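Each remark here refers to the structure printed beneath this line.
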Amino acid sequence: MPWIFRGLRNGVLTTGYPRRPDTDDVRSIARPAERATWEPGLDELCPTGAIREEHGRVRLDQGRCIGCGACVTARPGTFSWQEGNDVAQLSRAALVVPELAETDADLRQLRRALSRRTKALRRSVHIRHVDAGSDGAEEWEILALTNPVYDVHRLGIFFTASPRHADLLLVTGAGSHGMAAPLARTLEAMPRPVVVIAAGTDAVSGGLVSPSYATADGIGDLLPVDVWVPGSPPSPFRLLSAILLATGRLTAAGRER
Amino acid sequence: MSREEILGRMAAGARFAALAGDGDVTEGVRMHVVLARPDGIDVVDLQLPPGVDRYPALTPRIPAAFWYERKLHDLFGVVAQGHPRLDPLVLPHPDGNEPLPSPGAAFHPTHVEPDERALRSHVMGTGLFSLPHGPVRSGVFEAVEYVVETPGEDIPHVNVRPHFKHRGLEVRFEGMTPGRGVLLAERVEGIASVAHALAFCHAVEELAGAQVPLAAQLLRSLHAELERIANHLDVAMKLAEAAGLAVALARFGWHKERVLRLVSALCGNRFGRGVVVPGGVRALPLLGRDELKARVDTLRRDISGDAAALMQTASFLDRLRGTGPLDEDFTLQHGLLGPVGRAGGHEDDARWHRPYDAYPKLSRRPVTHRSDGDAMARLRVRWDEVTESFDLLAQIVELFGDHPDEVLSTRVEPVTGRAVGWAEAPQGEVLYLLEAGTDGRLRRCAPRSASFHNLAVFSSAFRGDILTDFPFVEASFGLSIAGVVM
């Protein structure tokens with residue numbers, strides 16, 4: 001009995017996101033200024049080689065960014081922290097920022113295609129999570145989605161034990177060789193259509209873990225990925241945004257459809 | 001140095017803390033045995049001659065070496081003769097399968113696949129069967145397989161197979177500068193990022209003879225204690241979930257979320273990553289002292305209220321009492337670490353016995369000695385520690401106000417030589433055995449998490465327990481598989 005009253009004590013703790021904007025301002029992914037010009041040595045700031053030059057401009061691969069802040073600290077004019085929840089992308093190439101105009105058309109097409117595939121599961125999504133070599137922090141952030149602050153059950157999002165009940169495969173870790181077969185078996189056991197999310201910088205590119213004799217360079221080497229979420233680890237808001245994107249529930253403006 | 005001397009030192013009170021290999025069989029594997037004294041840590045070397053791939057096992061005399069010798073066999077291919085069960089642990093491979101990772105050697109293979117044919121099945125007898133839990137488990141868990149061998153209800157034996165998520169991190173450290181290495185250390189065991197970064201940096205600072213400024217010491221301990229509270233809340237969540245206490249699960253989940261948000265409000269990262277750098281800390285907190293104090297006080301009040309209610313919920317306590325017992329002799333013999341060790345009478349705590357950073361300037365209240373060694377004792381120890389962490393946070397906030405000194409790090413010159421660094425993670429003592437070459441880059445870095453040391457005795461904790469006790473025993477250990485296999 002006392003637990004019932006404890007549960008009522010603090011009222012509603014749940015975020016209004018995605019209906020209303022909300023975020024927790026984590027500083028976990030960097031971003032170059034829109035028209036930053038290249039200077040020699042900028043690439044050496046990054047421990048994972050995320051920074052590169054393209055046509056005299058600075059480009060940063062957020063899929064490799066581990067959020068160490070070395071670039072933001074050293075060159076605050078050139079680099080800043082990525083804001084907002086919507087960092088997930090439908091293609092690996094689109095994680096390289098600033099975004100290019102030509103990828104926009106491709107992305108719109110990808111979004112339409114994914115939306116057609118996931119039409120049936122919009123309001124009820126069951127997620128199977130598989131750890132393919134994470135550092136353990138990603139699991140904490142995924143589990144946080146079920147706490148009262150995010151409470152994804154209100155959005156019809158559930159975690160399921162059996163891959164046979166799952167619509168969405170959420171994979172963390174760089175893709176350790178030991179998990180390659182269990183991961184493939186899990187995907188095989190899932191009914192179609194399946195949407196695969198690479199959750200975290202390690203899952204996207206291997207992050208700081210790769211190159212390693214024991215892992216792939218991200219799970220893209222192991223299975224077809226639909227949604228890429230950077231972050232080491234990605235925050236619960238960013239994971240939630242990615243799940244909504246994967247199920248066609250997010251408009252381009254980041255609001256719920 | 002010989003094995004007899006190691007045994008002599010242990011007879012004199014030293015605790016076997018770790019065993020790490022270095023090099024490869026061709027050049028002769030160097031074995032570093034780490035022994036902890038109550039007030040310090042020593043490394044003893046055993047050198048195998050070039051080409052020799054076997055040595056008399058330590059495990060028959062030192063039970064705590066059981067998993068370490070298995071890991072050594074996996075990574076270096078050296079055979080501990082007389083070892084009771086030299087099964088694969090972190091990287092299964094049949095004997096004679098070369099090349100192996102061999103951290104510390106001049107050459108490393110670029111790709112090593114685990115070969116599960118090397119794993120043995122142990123099921124024998126009428127009516128006995130194996131229940132594999134994992135590596136894809138029912139829920140959001142890290143990848144690990146527990147093979148429960150059972151006649152139906154009892155759990156006579158559990159085989160732990162953590163190799164699925166081996167990431168090869170020990171080799172990955174090689175050639176990194178200390179500044180880069182600390183970033184990888186934060187990812188060895190992601191839920192104890194601060195403690196791993198601290199242990200790593202303590203080793204670097206020992207080599208450099210660097211003195212960390214007071215403000216940085218305080219900020220380091222601030223983050224370490226917040227990390228401890230978050231981890232202990234996570235254990236409380238998992239225990240409440242196992243008992244089906246939905247409201248308690250939600251309450252502790254909310255508290256844990258608020259702790260992570262507080263950490264992120266202080267430094268921008270929910271796990272305190274990027275805070276600790278060799279020589280000090282990266283930046284001042286983003287949060288003012290008054291707001292920090294207010295948020296810590298609110299958390300303390302809310303958490304202690306819910307913790308007290310949990311410890312009066314009879315249906316919950318019934319599931320913990322006598323569950324997963326490890327007696328005091330066993331605990332001391334294995335030198336079990338962290339809350340698992342302290343619940344069984346092994347009071348060692350690196351923060352107070354081998355103090356670092358701000359701890360020498362902080363005070364603690366008398367500790368309640370516990371030796372029941374069951375899941376209940378482990379949870380009680382964790383609540384004691386949460387209370388203590390809040391005491392420490394209050395002291396840190398006070399002291400930080402008195403020393404608004406802006407120097408946050410000292411320069412760490414390029415370092416060379418070998419050192420051990422340590423820190424007390426929420427799971428227990430973390431050790432980093434670190435060697436830097438003359439170019440100042442890491443030549444060998446061997447992290448040892450408490451998760452590895454404690455998980456080795458996991459299968460011994462099921463005396464009299466049945467299958468439905470499994471989640472309670474697992475949660476009460478509070479470990480991370482990432483830190484076990486690396």
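Letters for chains follow the order of the structure tokens (A, B, ...), residue numbers begin at 1 for each chain, and ligand numbers begin at 1 in the order shown.
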Ala214 of chain A environment, 9 Å, only C-alpha atoms, sequence neighbours closer than 4 positions dropped, as number ranges by chain: A: 175-178, 210; B: 110-114, 165-169
Prev. selection, N, CA and C atoms, output as a CSV table (one decimal), in the first residue's frame:
```csv
chain,number,residue,atom,x,y,z
A,175,GLY,N,29.9,-4.3,-33.1
A,175,GLY,CA,29.7,-5.5,-33.9
A,175,GLY,C,30.9,-6.5,-33.6
A,176,SER,N,30.9,-7.0,-32.3
A,176,SER,CA,32.0,-7.9,-32.0
A,176,SER,C,31.8,-9.2,-32.8
A,177,HIS,N,32.9,-9.9,-33.1
A,177,HIS,CA,32.8,-11.1,-33.9
A,177,HIS,C,32.0,-12.1,-33.2
A,178,GLY,N,32.1,-12.2,-31.9
A,178,GLY,CA,31.3,-13.2,-31.1
A,178,GLY,C,29.8,-13.0,-31.3
A,210,SER,N,37.2,0.7,-32.8
A,210,SER,CA,37.8,0.1,-34.0
A,210,SER,C,38.9,1.0,-34.4
B,110,THR,N,45.1,-8.9,-37.3
B,110,THR,CA,44.1,-7.9,-37.5
B,110,THR,C,42.7,-8.4,-37.3
B,111,HIS,N,42.6,-9.8,-37.2
B,111,HIS,CA,41.3,-10.3,-37.1
B,111,HIS,C,41.3,-11.7,-36.4
B,112,VAL,N,40.6,-11.8,-35.3
B,112,VAL,CA,40.6,-13.1,-34.5
B,112,VAL,C,39.1,-13.4,-34.3
B,113,GLU,N,38.7,-14.5,-34.8
B,113,GLU,CA,37.3,-15.0,-34.6
B,113,GLU,C,37.2,-15.9,-33.4
B,114,PRO,N,36.2,-15.7,-32.5
B,114,PRO,CA,36.1,-16.7,-31.5
B,114,PRO,C,35.6,-18.0,-32.1
B,165,LYS,N,31.1,-10.5,-26.3
B,165,LYS,CA,31.3,-9.0,-26.6
B,165,LYS,C,32.8,-8.6,-26.3
B,166,HIS,N,33.7,-9.6,-26.5
B,166,HIS,CA,35.1,-9.2,-26.4
B,166,HIS,C,35.4,-8.2,-27.5
B,167,ARG,N,36.1,-7.1,-27.1
B,167,ARG,CA,36.3,-6.0,-28.0
B,167,ARG,C,37.8,-5.8,-28.4
B,168,GLY,N,38.7,-6.5,-27.7
B,168,GLY,CA,40.1,-6.4,-28.0
B,168,GLY,C,40.7,-5.1,-27.5
B,169,LEU,N,40.2,-4.5,-26.4
B,169,LEU,CA,40.5,-3.2,-26.0
B,169,LEU,C,42.0,-3.1,-25.5
```
Residue hits in chain A, query chain B, radius 7 Å, only C-alpha atoms, as a PyMOL selection string: chain A and resi 3+7+26-28+47+68+129-137+139+143+147-149+160-161+176-179+208-209+212-215
Deliver the residues from the most recent selection as a file, using C-alpha atoms, as a PDB file, in the first residue's frame.
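In the end it all went to selection.pdb:
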```
ATOM      1  CA  TRP A   3       3.988   2.350  -2.642  1.00  0.00           C
ATOM      2  CA  GLY A   7       3.758   6.713  -6.779  1.00  0.00           C
ATOM      3  CA  VAL A  26      23.631  17.009 -23.561  1.00  0.00           C
ATOM      4  CA  ARG A  27      26.930  17.888 -25.189  1.00  0.00           C
ATOM      5  CA  SER A  28      27.702  14.623 -26.855  1.00  0.00           C
ATOM      6  CA  PRO A  47      40.747  10.971 -31.891  1.00  0.00           C
ATOM      7  CA  CYS A  68      35.121  14.096 -26.368  1.00  0.00           C
ATOM      8  CA  HIS A 129      17.519  -4.907 -28.397  1.00  0.00           C
ATOM      9  CA  VAL A 130      20.768  -6.745 -29.108  1.00  0.00           C
ATOM     10  CA  ASP A 131      24.132  -5.829 -27.628  1.00  0.00           C
ATOM     11  CA  ALA A 132      26.867  -6.440 -30.182  1.00  0.00           C
ATOM     12  CA  GLY A 133      29.794  -5.170 -28.105  1.00  0.00           C
ATOM     13  CA  SER A 134      28.637  -2.000 -26.366  1.00  0.00           C
ATOM     14  CA  ASP A 135      30.427  -0.442 -23.396  1.00  0.00           C
ATOM     15  CA  GLY A 136      27.303  -0.887 -21.251  1.00  0.00           C
ATOM     16  CA  ALA A 137      26.251   2.769 -21.212  1.00  0.00           C
ATOM     17  CA  GLU A 139      21.919  -0.192 -22.399  1.00  0.00           C
ATOM     18  CA  LEU A 143      16.425   1.268 -20.423  1.00  0.00           C
ATOM     19  CA  ASN A 147      11.426   5.278 -16.751  1.00  0.00           C
ATOM     20  CA  PRO A 148       8.634   7.720 -15.831  1.00  0.00           C
ATOM     21  CA  VAL A 149      10.427  10.666 -17.434  1.00  0.00           C
ATOM     22  CA  THR A 160       9.983  -7.445 -26.161  1.00  0.00           C
ATOM     23  CA  ALA A 161      11.914 -10.548 -25.177  1.00  0.00           C
ATOM     24  CA  SER A 176      31.971  -7.923 -31.976  1.00  0.00           C
ATOM     25  CA  HIS A 177      32.826 -11.074 -33.919  1.00  0.00           C
ATOM     26  CA  GLY A 178      31.300 -13.171 -31.139  1.00  0.00           C
ATOM     27  CA  MET A 179      27.898 -11.505 -31.614  1.00  0.00           C
ATOM     28  CA  LEU A 208      37.079   4.578 -30.600  1.00  0.00           C
ATOM     29  CA  VAL A 209      36.931   0.768 -30.388  1.00  0.00           C
ATOM     30  CA  SER A 212      40.129  -3.977 -33.511  1.00  0.00           C
ATOM     31  CA  TYR A 213      40.876  -7.634 -34.135  1.00  0.00           C
ATOM     32  CA  ALA A 214      37.697  -8.491 -32.240  1.00  0.00           C
ATOM     33  CA  THR A 215      35.048  -6.219 -33.765  1.00  0.00           C
TER      34      THR A 215
END
```
Test item: residues at most 10 Å from Glu53 of chain A, only C-alpha atoms, excluding those fewer than 4 positions along its chain, as a ChimeraX atom specification: /A:37-40,42-43,57-60
Backbone DSSP call of strand (DSSP E) for segment 67-99 of chain A, listed as a list in words: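 DSSP-assigned strand (DSSP E) residues in segment 67-99 of chain A: Phe79, Ser80, Trp81, Val96 and Val97 of chain A.
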Neighbour list for segment 379-395 of chain B as a ChimeraX atom specification, cut-off 8 Å, only C-alpha atoms, skip fewer than 4 positions in-chain: /B:222,225-226,228-229,232,236,293,296,300,304,307,339,342-343,362-365,370,375,399,476
Prev. selection, N, CA and C atoms, output as a PDB file, in the first residue's frame:
```
ATOM      1  N   LEU B 222      33.684  14.464  -6.797  1.00  0.00           N
ATOM      2  CA  LEU B 222      32.266  14.807  -6.975  1.00  0.00           C
ATOM      3  C   LEU B 222      31.632  13.891  -8.021  1.00  0.00           C
ATOM      4  N   GLU B 225      31.419  10.123  -6.948  1.00  0.00           N
ATOM      5  CA  GLU B 225      30.349   9.795  -6.007  1.00  0.00           C
ATOM      6  C   GLU B 225      28.974   9.828  -6.679  1.00  0.00           C
ATOM      7  N   LEU B 226      28.777  10.771  -7.618  1.00  0.00           N
ATOM      8  CA  LEU B 226      27.505  10.777  -8.346  1.00  0.00           C
ATOM      9  C   LEU B 226      27.364   9.493  -9.165  1.00  0.00           C
ATOM     10  N   ARG B 228      28.608   6.629  -8.385  1.00  0.00           N
ATOM     11  CA  ARG B 228      28.289   5.550  -7.437  1.00  0.00           C
ATOM     12  C   ARG B 228      26.786   5.547  -7.116  1.00  0.00           C
ATOM     13  N   ILE B 229      26.223   6.715  -6.884  1.00  0.00           N
ATOM     14  CA  ILE B 229      24.795   6.782  -6.553  1.00  0.00           C
ATOM     15  C   ILE B 229      23.966   6.251  -7.729  1.00  0.00           C
ATOM     16  N   HIS B 232      24.229   2.415  -7.884  1.00  0.00           N
ATOM     17  CA  HIS B 232      23.515   1.719  -6.816  1.00  0.00           C
ATOM     18  C   HIS B 232      22.000   1.821  -7.035  1.00  0.00           C
ATOM     19  N   ALA B 236      19.180  -1.168  -7.388  1.00  0.00           N
ATOM     20  CA  ALA B 236      17.886  -1.153  -6.703  1.00  0.00           C
ATOM     21  C   ALA B 236      16.749  -1.325  -7.703  1.00  0.00           C
ATOM     22  N   LYS B 293      24.046  22.304  -4.882  1.00  0.00           N
ATOM     23  CA  LYS B 293      23.720  21.936  -3.502  1.00  0.00           C
ATOM     24  C   LYS B 293      22.223  21.658  -3.353  1.00  0.00           C
ATOM     25  N   VAL B 296      21.352  18.306  -5.065  1.00  0.00           N
ATOM     26  CA  VAL B 296      21.859  17.165  -4.301  1.00  0.00           C
ATOM     27  C   VAL B 296      21.001  16.934  -3.058  1.00  0.00           C
ATOM     28  N   ARG B 300      18.853  13.600  -2.180  1.00  0.00           N
ATOM     29  CA  ARG B 300      19.119  12.856  -0.966  1.00  0.00           C
ATOM     30  C   ARG B 300      17.830  12.563  -0.200  1.00  0.00           C
ATOM     31  N   SER B 304      16.413   8.707   0.049  1.00  0.00           N
ATOM     32  CA  SER B 304      16.432   8.036   1.351  1.00  0.00           C
ATOM     33  C   SER B 304      15.023   7.629   1.763  1.00  0.00           C
ATOM     34  N   ALA B 307      14.228   4.506  -0.323  1.00  0.00           N
ATOM     35  CA  ALA B 307      15.068   3.383   0.104  1.00  0.00           C
ATOM     36  C   ALA B 307      14.542   2.809   1.415  1.00  0.00           C
ATOM     37  N   PRO B 339      30.876  -3.725  -3.206  1.00  0.00           N
ATOM     38  CA  PRO B 339      29.760  -4.110  -2.329  1.00  0.00           C
ATOM     39  C   PRO B 339      29.659  -5.632  -2.145  1.00  0.00           C
ATOM     40  N   ARG B 342      32.314  -6.293   0.468  1.00  0.00           N
ATOM     41  CA  ARG B 342      32.007  -5.660   1.756  1.00  0.00           C
ATOM     42  C   ARG B 342      30.803  -6.311   2.436  1.00  0.00           C
ATOM     43  N   ALA B 343      29.903  -6.898   1.631  1.00  0.00           N
ATOM     44  CA  ALA B 343      28.760  -7.593   2.233  1.00  0.00           C
ATOM     45  C   ALA B 343      29.195  -8.907   2.862  1.00  0.00           C
ATOM     46  N   LEU B 362      38.455  14.300   3.122  1.00  0.00           N
ATOM     47  CA  LEU B 362      37.049  14.089   3.475  1.00  0.00           C
ATOM     48  C   LEU B 362      36.967  13.122   4.646  1.00  0.00           C
ATOM     49  N   SER B 363      35.870  13.196   5.364  1.00  0.00           N
ATOM     50  CA  SER B 363      35.722  12.270   6.487  1.00  0.00           C
ATOM     51  C   SER B 363      34.463  11.440   6.291  1.00  0.00           C
ATOM     52  N   ARG B 364      34.457  10.271   6.888  1.00  0.00           N
ATOM     53  CA  ARG B 364      33.309   9.372   6.771  1.00  0.00           C
ATOM     54  C   ARG B 364      32.849   8.977   8.156  1.00  0.00           C
ATOM     55  N   ARG B 365      31.587   8.595   8.245  1.00  0.00           N
ATOM     56  CA  ARG B 365      31.123   8.104   9.543  1.00  0.00           C
ATOM     57  C   ARG B 365      31.515   6.631   9.700  1.00  0.00           C
ATOM     58  N   ARG B 370      29.516  -5.794   7.838  1.00  0.00           N
ATOM     59  CA  ARG B 370      28.535  -6.806   7.451  1.00  0.00           C
ATOM     60  C   ARG B 370      29.264  -8.033   6.944  1.00  0.00           C
ATOM     61  N   ALA B 375      22.262 -11.521  -0.822  1.00  0.00           N
ATOM     62  CA  ALA B 375      21.788 -10.401  -1.646  1.00  0.00           C
ATOM     63  C   ALA B 375      21.296  -9.257  -0.759  1.00  0.00           C
ATOM     64  N   LEU B 399      33.893  22.351   0.585  1.00  0.00           N
ATOM     65  CA  LEU B 399      35.316  22.595   0.352  1.00  0.00           C
ATOM     66  C   LEU B 399      35.546  23.356  -0.941  1.00  0.00           C
ATOM     67  N   SER B 476      22.127  -8.424  -7.710  1.00  0.00           N
ATOM     68  CA  SER B 476      22.819  -8.055  -6.477  1.00  0.00           C
ATOM     69  C   SER B 476      24.330  -7.956  -6.689  1.00  0.00           C
TER      70      SER B 476
END
```
Minimum-distance residue to Thr118 of chain A, chosen among A:Glu141, A:Asp226, A:Asp217, A:Asp106 (using only C-alpha atoms):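 Going through A:Glu141, A:Asp226, A:Asp217, A:Asp106 one by one, the smallest distance to Thr118 of chain A is for A:Asp226.
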